[in-house]
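Peer 1: Before I ask anything, let me first share the structure, which is written out below as structure tokens.
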Amino acid sequence: MVHVFRLGPFEVGGRKSYAYGGLESNGRPIAPELAHTDAKGLGAIAKRYAGQRLRCEPDLAEAARPFGFEPAPLPEPVFLPRATLAYGLALGPMAGRPEMDVLVRFLGACAMFWNACPWELMESEEPIVVTLTESGRTRRAEASVMGAGGQEFGIALYDEPGSIHRVATLVSEGRMKETRNVSALAVTFDEEPAWAAAALDDEFGLPRLPVPIRVRKGQGGPATTPELLDAAALLEAVAELCSPNDADQAEITAEAGGRTITVRVSLPDDDGDELLEELAEPMLVPEPIPATGRAKTPRNAPCPCGSGRKYKKCHLAEDEEREAAARGTGREVEEARARARRLAERDPIHALDERITADALALARRRWGRAFDPDGALARLGLDFECTQSLLGWSSGHHRGLDGRTALDLYLEERGGALDAEGRALVEAQRAAWFSYHEVVSAEPGRSITLRDVLAGGERTVEEKSASRMVRPRDVLLARVLELGSRAILAGCHLRSVPPREGDEARRRLRSALRVRAAKVPAAKLREATADGTLFRVWQEIVDASDARPPPTLQNTDGEDLVLTVDRLDVAAGKADEVVGGLVALPDARRDEGEDDGVVTISFVREGNAKGVLPTTLIGRALLEGGVLRLETNSIERADRLRRLVTERLGALVSFRIREHADPVAHLAEGAKPGARSAPSEFMPPEVLEVVKRMQTEHYQRWLDEEIPALGGLTPREAAKRKGAPRKSLELLLAEIEHAEAGRPEEQRFDVSVLRRALEVQ
């Protein structure tokens with residue numbers, strides 16, 4: 001009797017191929033056949049074992065029938081050779097040539113490690129002290145468990161103690177290439193290829209493919225047989241350390257391949273526990289633990305209360321005391337309520353919101369395990385990890401577990417009875433709230449933000465200290481507002497705000513996705529869009545598109561980038577009158593009347609412009625005061641032309657000193673990254689600031705009568721007189737200008753209300 005199975009597909013010679021293996025009746029594996037089709041592979045085996053009874057797994061029944069195979073489930077003895085063959089085929093040269101008994105021990109250890117889920121108890125930055133003893137010789141090393149932050153699952157065994165700190169230092173200094181020179185033996189766990197993972201799962205209960213890699217001198221290669229045995233012992237020891245036996249250390253001896261290796265692992269001394277005792281607090285409402293036996297939480301695991309401390313440093317003593325005492329007197333419940341009242345009185349409302357959110361998430365993860373993954377849900381919508389941490393209110397109050405409940409639902413059911421009135425009201429506000437798109441109407445830095453919900457309608461002032469210092473008027477935020485009677489707070493906000501036009505695009509896209517035609521989106525629709533992530537998906541698409549788009553630029557009427565430029569030239573002593581005479585003689589020069597304080601002003605005005613708007617164009621100004629001549633223009637190109645004309649005309653009467661620039665729309669680029677505070681602007685001399693303000697005023701006055709593409713070719717004055725789309729486009733354009741001006745230093749801002757009054761658009 002020969003039992004045959006198939007593994008694959010994998011690529012051989014650029015073509016999809018399969019391996020056909022099996023087990024003879026005497027328990028000896030058959031040499032596998034490689035083929036591109038089932039017919040060729042099974043035909044080769046049938047020819048080799050002609051005259052013997054042949055069986056194959058049911059998936060091969062149709063292709064195997066012509067060759068006399070009987071379909072039947074694979075017997076258990078077939079699973080081991082199938083698993084080891086799958087391992088070798090999937091890894092190829094990286095599998096090396098391990099001895100079979102060592103490979104089997106290694107794969108079994110991988111299964112123990114995987115099922116212990118050590119990444120739930122240990123951080124990758126937390127070094128595990130490792131000693132390896134063989135033939136009386138001991139060497140020290142250290143290990144790190146991977147996977148706590150959602151990264152690749154696995155373990156790394158570093159040759160030298162201190163390597164983890166060294167790698168962290170190199171990463172923090174940006175020296176990533178040098179991290180490759182740290183020698184280590186790593187084992188990671190891959191989901192693909194699925195056929196290999198399935199074969200390993202059938203034999204070992206290991207639903208992933210382990211990939212051992214030996215890194216030396218920056219080069220990665222397959223692990224040797226002795227290194228696989230070292231890895232096996234380490235994996236088993238770490239799994240034992242995570243078992244519920246309250247162990248601070250674990251020791252495993254592995255014998256295979258003629259070697260005996262003893263690996264001892266332990267966690268380092270808790271140097272930082274005293275600080276954690278001061279910073280972390282137990283859960284707001286501790287979970288009652290029955291006297292019949294507390295949950296078997298390992299001493300070194302994070303405390304189930306969610307404080308972030310180790311269990312032995314947090315609730316272990318309390319749990320043991322409560323187990324020892326007879327339950328039923330109600331003392332624990334009363335103490336929990338009193339503690340909740342004290343915390344509620346002590347904590348500000350924002351801190352209480354954050355605390356309940358963190359407690360609800362900790363409880364959900366304890367009850368539902370890895371199946372509860374709100375961070376993963378947001379990541380699938382395109383949000384990065386940092387952003388998901390700013391939306392923990394969504395994770396606790398809107399993301400649903402497998403049974404349809406949210407973490408907040410679970411928290412209220414199990415802990416709600418011990419909350420005081422303020423805590424209960426806050427939880428109810430969290431459950432009733434939804435995320436929406438909000439326009440910033442105004443902000444009082446350090447105190448509050450007034451928001452207008454552009455989807456549901458309505459305006460609300462929320463108490464917010466940090467964000468109120470960062471937002472600017474007309475920013476649009478993705479945020480959740482909690483209504484607390486006479487108060488409101490911001491409880492969850494996407495890290496990225498967008499300027500008015502992108503905010504309007506997000507509003508229109510979401511309304512289209514929700515198929516809403518009414519002026520306001522119903523609250524029920526917004527709660528649904530919050531829960532299923534539609535609201536976040538649309539927002540992230542807008543943010544990503546905004547990041548990919550270059551910042552906008554403004555141009556003068558010659559089509560040149562608008563950059564306010566001042567050239568300073570020194571005037572030869574006693575030659576001021578000659579300089580004025582030379583300037584007036586230049587083309588398009590006009591001496592201004594009503595000169596003040598001895599300042600002579602000469603404007604350069606020509607007929608028409610490249611854009612064909614306005615009858616005349618102000619090219620620039622020359623201002624002579626004392627012994628200094630200033631040439632003011634609104635582009636670098638105009639500045640170059642004017643300075644060349646002046647210096648050619650005046651010759652030795654003037655000498656160039658310095659050029660200064662001030663970009664009136666520089667902050668528009670920062671508008672692509674709202675939420676970040678503007679960098680302090682460089683000092684602008686008063687006379688340059690005066691020029692900037694004057695040119696801004698002149699620019700916007702001309703703008704009122706220029707044809708604007710964003711208005712369909714209408715001028716702002718014309719659009720203001722129209723109804724419907726033209727006027728709405730004008731309102732959006734004014735909001736964009738306000739948004740840009742709000743990002744400029746206060747002394748340089750243009751008062752957009754001047755435009756609103758001129759256009760009668762409020």
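By convention in this document, the chains of the structure tokens carry letters A, B, ... by their order, each chain's residues are numbered from 1, and ligands are numbered from 1 in the order they are shown.
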Please identify every residue of segment 61-88 of chain A that has at least one atom no farther than 10 Å from an atom of segment 22-29 of chain A, counting only C-alpha atoms, and for each give the shortest atom pair and the distance in Å to one decimal, arranged by chain then increasing number, as a tab-separated table.
Peer 2:
```
residue	atom	partner	partner_atom	distance
A:Leu74	CA	A:Gly22	CA	9.4
A:Pro75	CA	A:Leu23	CA	9.6
A:Pro77	CA	A:Gly27	CA	7.6
A:Val78	CA	A:Leu23	CA	6.0
A:Phe79	CA	A:Gly22	CA	9.4
A:Leu80	CA	A:Pro29	CA	9.7
A:Pro81	CA	A:Pro29	CA	6.6
A:Arg82	CA	A:Gly22	CA	7.4
A:Leu85	CA	A:Pro29	CA	9.9
```
Peer 1: Mind dumping the selected residues with C-alpha atoms as a tab-separated table (two decimals), in the first residue's frame?
Peer 2:
```
chain	number	residue	atom	x	y	z
A	74	LEU	CA	-4.44	10.33	4.46
A	75	PRO	CA	-3.57	8.21	7.51
A	77	PRO	CA	1.63	8.45	9.74
A	78	VAL	CA	1.72	10.33	6.42
A	79	PHE	CA	1.47	13.73	8.11
A	80	LEU	CA	5.08	13.81	9.39
A	81	PRO	CA	6.86	13.14	6.08
A	82	ARG	CA	4.42	15.48	4.35
A	85	LEU	CA	8.85	17.78	2.85
```
Peer 1: Kindly indicate which residue among A:Arg53, A:Arg48, A:Arg722, A:Arg447 lies nearest to Met1 of chain A, using only C-alpha atoms for the distances.
Peer 2: A:Arg53
Peer 1: Just want the 12 Å neighbourhood of segment 227-229 of chain A, counted on only C-alpha atoms, with same-chain residues fewer than 5 positions away dropped. Output as a ChimeraX atom specification.
Peer 2: /A:95-110,132,134,157,159,184-187,210-215,221-222,234-236,252-263
Peer 1: Next, dump the selected residues to file, keeping only N, CA and C atoms, as a tab-separated table (two decimals), in the first residue's frame.
Peer 2:
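Result written to out03.tsv:
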```
chain	number	residue	atom	x	y	z
A	95	ALA	N	16.38	26.12	3.74
A	95	ALA	CA	16.07	25.03	4.68
A	95	ALA	C	17.35	24.35	5.15
A	96	GLY	N	18.43	24.49	4.37
A	96	GLY	CA	19.67	23.80	4.74
A	96	GLY	C	19.53	22.30	4.58
A	97	ARG	N	20.38	21.55	5.30
A	97	ARG	CA	20.34	20.08	5.27
A	97	ARG	C	20.34	19.55	6.70
A	98	PRO	N	19.26	19.84	7.46
A	98	PRO	CA	19.24	19.42	8.87
A	98	PRO	C	19.01	17.92	9.01
A	99	GLU	N	19.52	17.37	10.10
A	99	GLU	CA	19.22	15.98	10.42
A	99	GLU	C	17.76	15.87	10.82
A	100	MET	N	17.14	14.74	10.45
A	100	MET	CA	15.69	14.65	10.58
A	100	MET	C	15.22	14.75	12.03
A	101	ASP	N	15.91	14.11	12.97
A	101	ASP	CA	15.43	14.17	14.35
A	101	ASP	C	15.55	15.58	14.92
A	102	VAL	N	16.56	16.35	14.48
A	102	VAL	CA	16.69	17.74	14.93
A	102	VAL	C	15.58	18.59	14.30
A	103	LEU	N	15.31	18.35	13.02
A	103	LEU	CA	14.25	19.12	12.35
A	103	LEU	C	12.90	18.88	13.02
A	104	VAL	N	12.61	17.64	13.35
A	104	VAL	CA	11.33	17.33	13.99
A	104	VAL	C	11.25	18.00	15.36
A	105	ARG	N	12.35	17.98	16.11
A	105	ARG	CA	12.36	18.65	17.41
A	105	ARG	C	12.16	20.16	17.23
A	106	PHE	N	12.79	20.72	16.22
A	106	PHE	CA	12.68	22.16	15.96
A	106	PHE	C	11.23	22.53	15.59
A	107	LEU	N	10.60	21.77	14.72
A	107	LEU	CA	9.23	22.09	14.31
A	107	LEU	C	8.26	21.94	15.48
A	108	GLY	N	8.47	20.93	16.31
A	108	GLY	CA	7.63	20.79	17.49
A	108	GLY	C	7.80	21.96	18.46
A	109	ALA	N	9.05	22.43	18.62
A	109	ALA	CA	9.31	23.58	19.49
A	109	ALA	C	8.65	24.84	18.92
A	110	CYS	N	8.68	24.98	17.60
A	110	CYS	CA	8.02	26.13	16.98
A	110	CYS	C	6.53	26.13	17.30
A	132	LEU	N	23.43	29.11	27.40
A	132	LEU	CA	23.43	27.83	26.68
A	132	LEU	C	24.60	27.00	27.18
A	134	GLU	N	26.62	23.27	27.05
A	134	GLU	CA	26.86	22.03	26.32
A	134	GLU	C	28.22	21.49	26.70
A	157	LEU	N	17.79	35.24	18.59
A	157	LEU	CA	18.81	34.90	19.58
A	157	LEU	C	20.11	35.59	19.18
A	159	ASP	N	24.03	36.68	19.56
A	159	ASP	CA	25.24	36.02	20.06
A	159	ASP	C	25.81	36.69	21.30
A	184	ALA	N	23.12	37.12	14.81
A	184	ALA	CA	21.95	36.57	15.49
A	184	ALA	C	21.41	35.37	14.73
A	185	LEU	N	20.65	34.56	15.43
A	185	LEU	CA	19.88	33.47	14.84
A	185	LEU	C	18.42	33.82	15.04
A	186	ALA	N	17.68	34.00	13.97
A	186	ALA	CA	16.28	34.42	14.07
A	186	ALA	C	15.37	33.36	13.50
A	187	VAL	N	14.18	33.30	14.07
A	187	VAL	CA	13.13	32.43	13.53
A	187	VAL	C	11.87	33.28	13.41
A	210	PRO	N	7.80	28.21	9.83
A	210	PRO	CA	8.95	28.83	10.51
A	210	PRO	C	10.10	29.01	9.53
A	211	VAL	N	10.73	30.16	9.62
A	211	VAL	CA	11.85	30.48	8.72
A	211	VAL	C	13.07	30.82	9.57
A	212	PRO	N	13.99	29.87	9.75
A	212	PRO	CA	15.21	30.17	10.52
A	212	PRO	C	16.25	30.84	9.62
A	213	ILE	N	16.89	31.88	10.14
A	213	ILE	CA	17.91	32.60	9.39
A	213	ILE	C	19.09	32.87	10.31
A	214	ARG	N	20.29	32.55	9.83
A	214	ARG	CA	21.51	32.83	10.59
A	214	ARG	C	22.18	34.05	9.97
A	215	VAL	N	22.35	35.11	10.77
A	215	VAL	CA	22.95	36.35	10.28
A	215	VAL	C	24.34	36.49	10.88
A	221	GLY	N	21.86	33.50	5.99
A	221	GLY	CA	21.94	32.19	5.36
A	221	GLY	C	21.17	31.17	6.17
A	222	PRO	N	21.14	29.91	5.71
A	222	PRO	CA	20.40	28.87	6.44
A	222	PRO	C	21.07	28.52	7.76
A	234	LEU	N	15.61	26.98	22.81
A	234	LEU	CA	15.22	28.35	23.17
A	234	LEU	C	13.71	28.55	23.02
A	235	LEU	N	13.14	28.09	21.92
A	235	LEU	CA	11.70	28.24	21.69
A	235	LEU	C	10.89	27.55	22.78
A	236	GLU	N	11.31	26.35	23.17
A	236	GLU	CA	10.59	25.62	24.21
A	236	GLU	C	10.73	26.33	25.56
A	252	ILE	N	15.34	24.26	29.63
A	252	ILE	CA	15.00	23.15	28.76
A	252	ILE	C	16.29	22.47	28.30
A	253	THR	N	16.30	21.13	28.33
A	253	THR	CA	17.40	20.35	27.78
A	253	THR	C	16.91	19.60	26.56
A	254	ALA	N	17.58	19.79	25.43
A	254	ALA	CA	17.19	19.15	24.18
A	254	ALA	C	18.29	18.20	23.73
A	255	GLU	N	17.88	16.97	23.40
A	255	GLU	CA	18.83	15.96	22.92
A	255	GLU	C	18.40	15.52	21.53
A	256	ALA	N	19.26	15.66	20.56
A	256	ALA	CA	18.99	15.22	19.19
A	256	ALA	C	20.26	15.37	18.38
A	257	GLY	N	20.38	14.55	17.35
A	257	GLY	CA	21.54	14.65	16.47
A	257	GLY	C	22.85	14.40	17.18
A	258	GLY	N	22.83	13.62	18.25
A	258	GLY	CA	24.06	13.33	18.97
A	258	GLY	C	24.52	14.46	19.87
A	259	ARG	N	23.71	15.48	20.08
A	259	ARG	CA	24.07	16.61	20.93
A	259	ARG	C	23.08	16.74	22.07
A	260	THR	N	23.56	17.34	23.16
A	260	THR	CA	22.69	17.68	24.28
A	260	THR	C	22.96	19.14	24.63
A	261	ILE	N	21.94	19.97	24.55
A	261	ILE	CA	22.08	21.40	24.83
A	261	ILE	C	21.05	21.79	25.88
A	262	THR	N	21.51	22.54	26.89
A	262	THR	CA	20.61	23.04	27.93
A	262	THR	C	20.52	24.55	27.81
A	263	VAL	N	19.31	25.04	27.69
A	263	VAL	CA	19.07	26.48	27.55
A	263	VAL	C	18.27	26.96	28.75
```
Peer 1: Find, counting only C-alpha atoms, the residue in A:His438, A:Arg180, A:Lys525, A:Arg367 that gets nearest to Gln219 of chain A.
Peer 2: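 Distance minimum relative to Gln219 of chain A lands on A:Arg180.
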Peer 1: Check the smallest atom-to-atom distance from each of A:Leu121, A:Tyr87, A:Ala116, A:Gly136 to Ala198 of chain A using only C-alpha atoms, then report the winner.
Peer 2: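 Closest to Ala198 of chain A of all the choices is A:Tyr87.
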Peer 1: Find the residues around Glu57 of chain A up to 12 Å (only C-alpha atoms counted), leave out those fewer than 4 positions away in its own chain, and share them as a count of residues only.
Peer 2: 25
Peer 1: Excluding same-chain residues fewer than 6 positions from Ala196 of chain A, what lies within 7 Å of it counting only C-alpha atoms, as JSON, numbers by chain?
Peer 2: {"A": [86, 87, 90, 209]}
Peer 1: Quick one: pull the distance between atom CA of Gln52 of chain A and atom CA of Pro32 of chain A, Å, one decimal.
Peer 2: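 Taking atom CA of Gln52 of chain A as the start and atom CA of Pro32 of chain A as the end point, the length is 17.1 Å.
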Peer 1: Counting only C-alpha atoms, what is within 12 Å of Trp114 of chain A, bar same-chain residues fewer than 3 positions away, as a PyMOL selection string?
Peer 2: chain A and resi 107-111+117-120+145-147+153-155+187-190+201+204-210+235-236+238-240+242
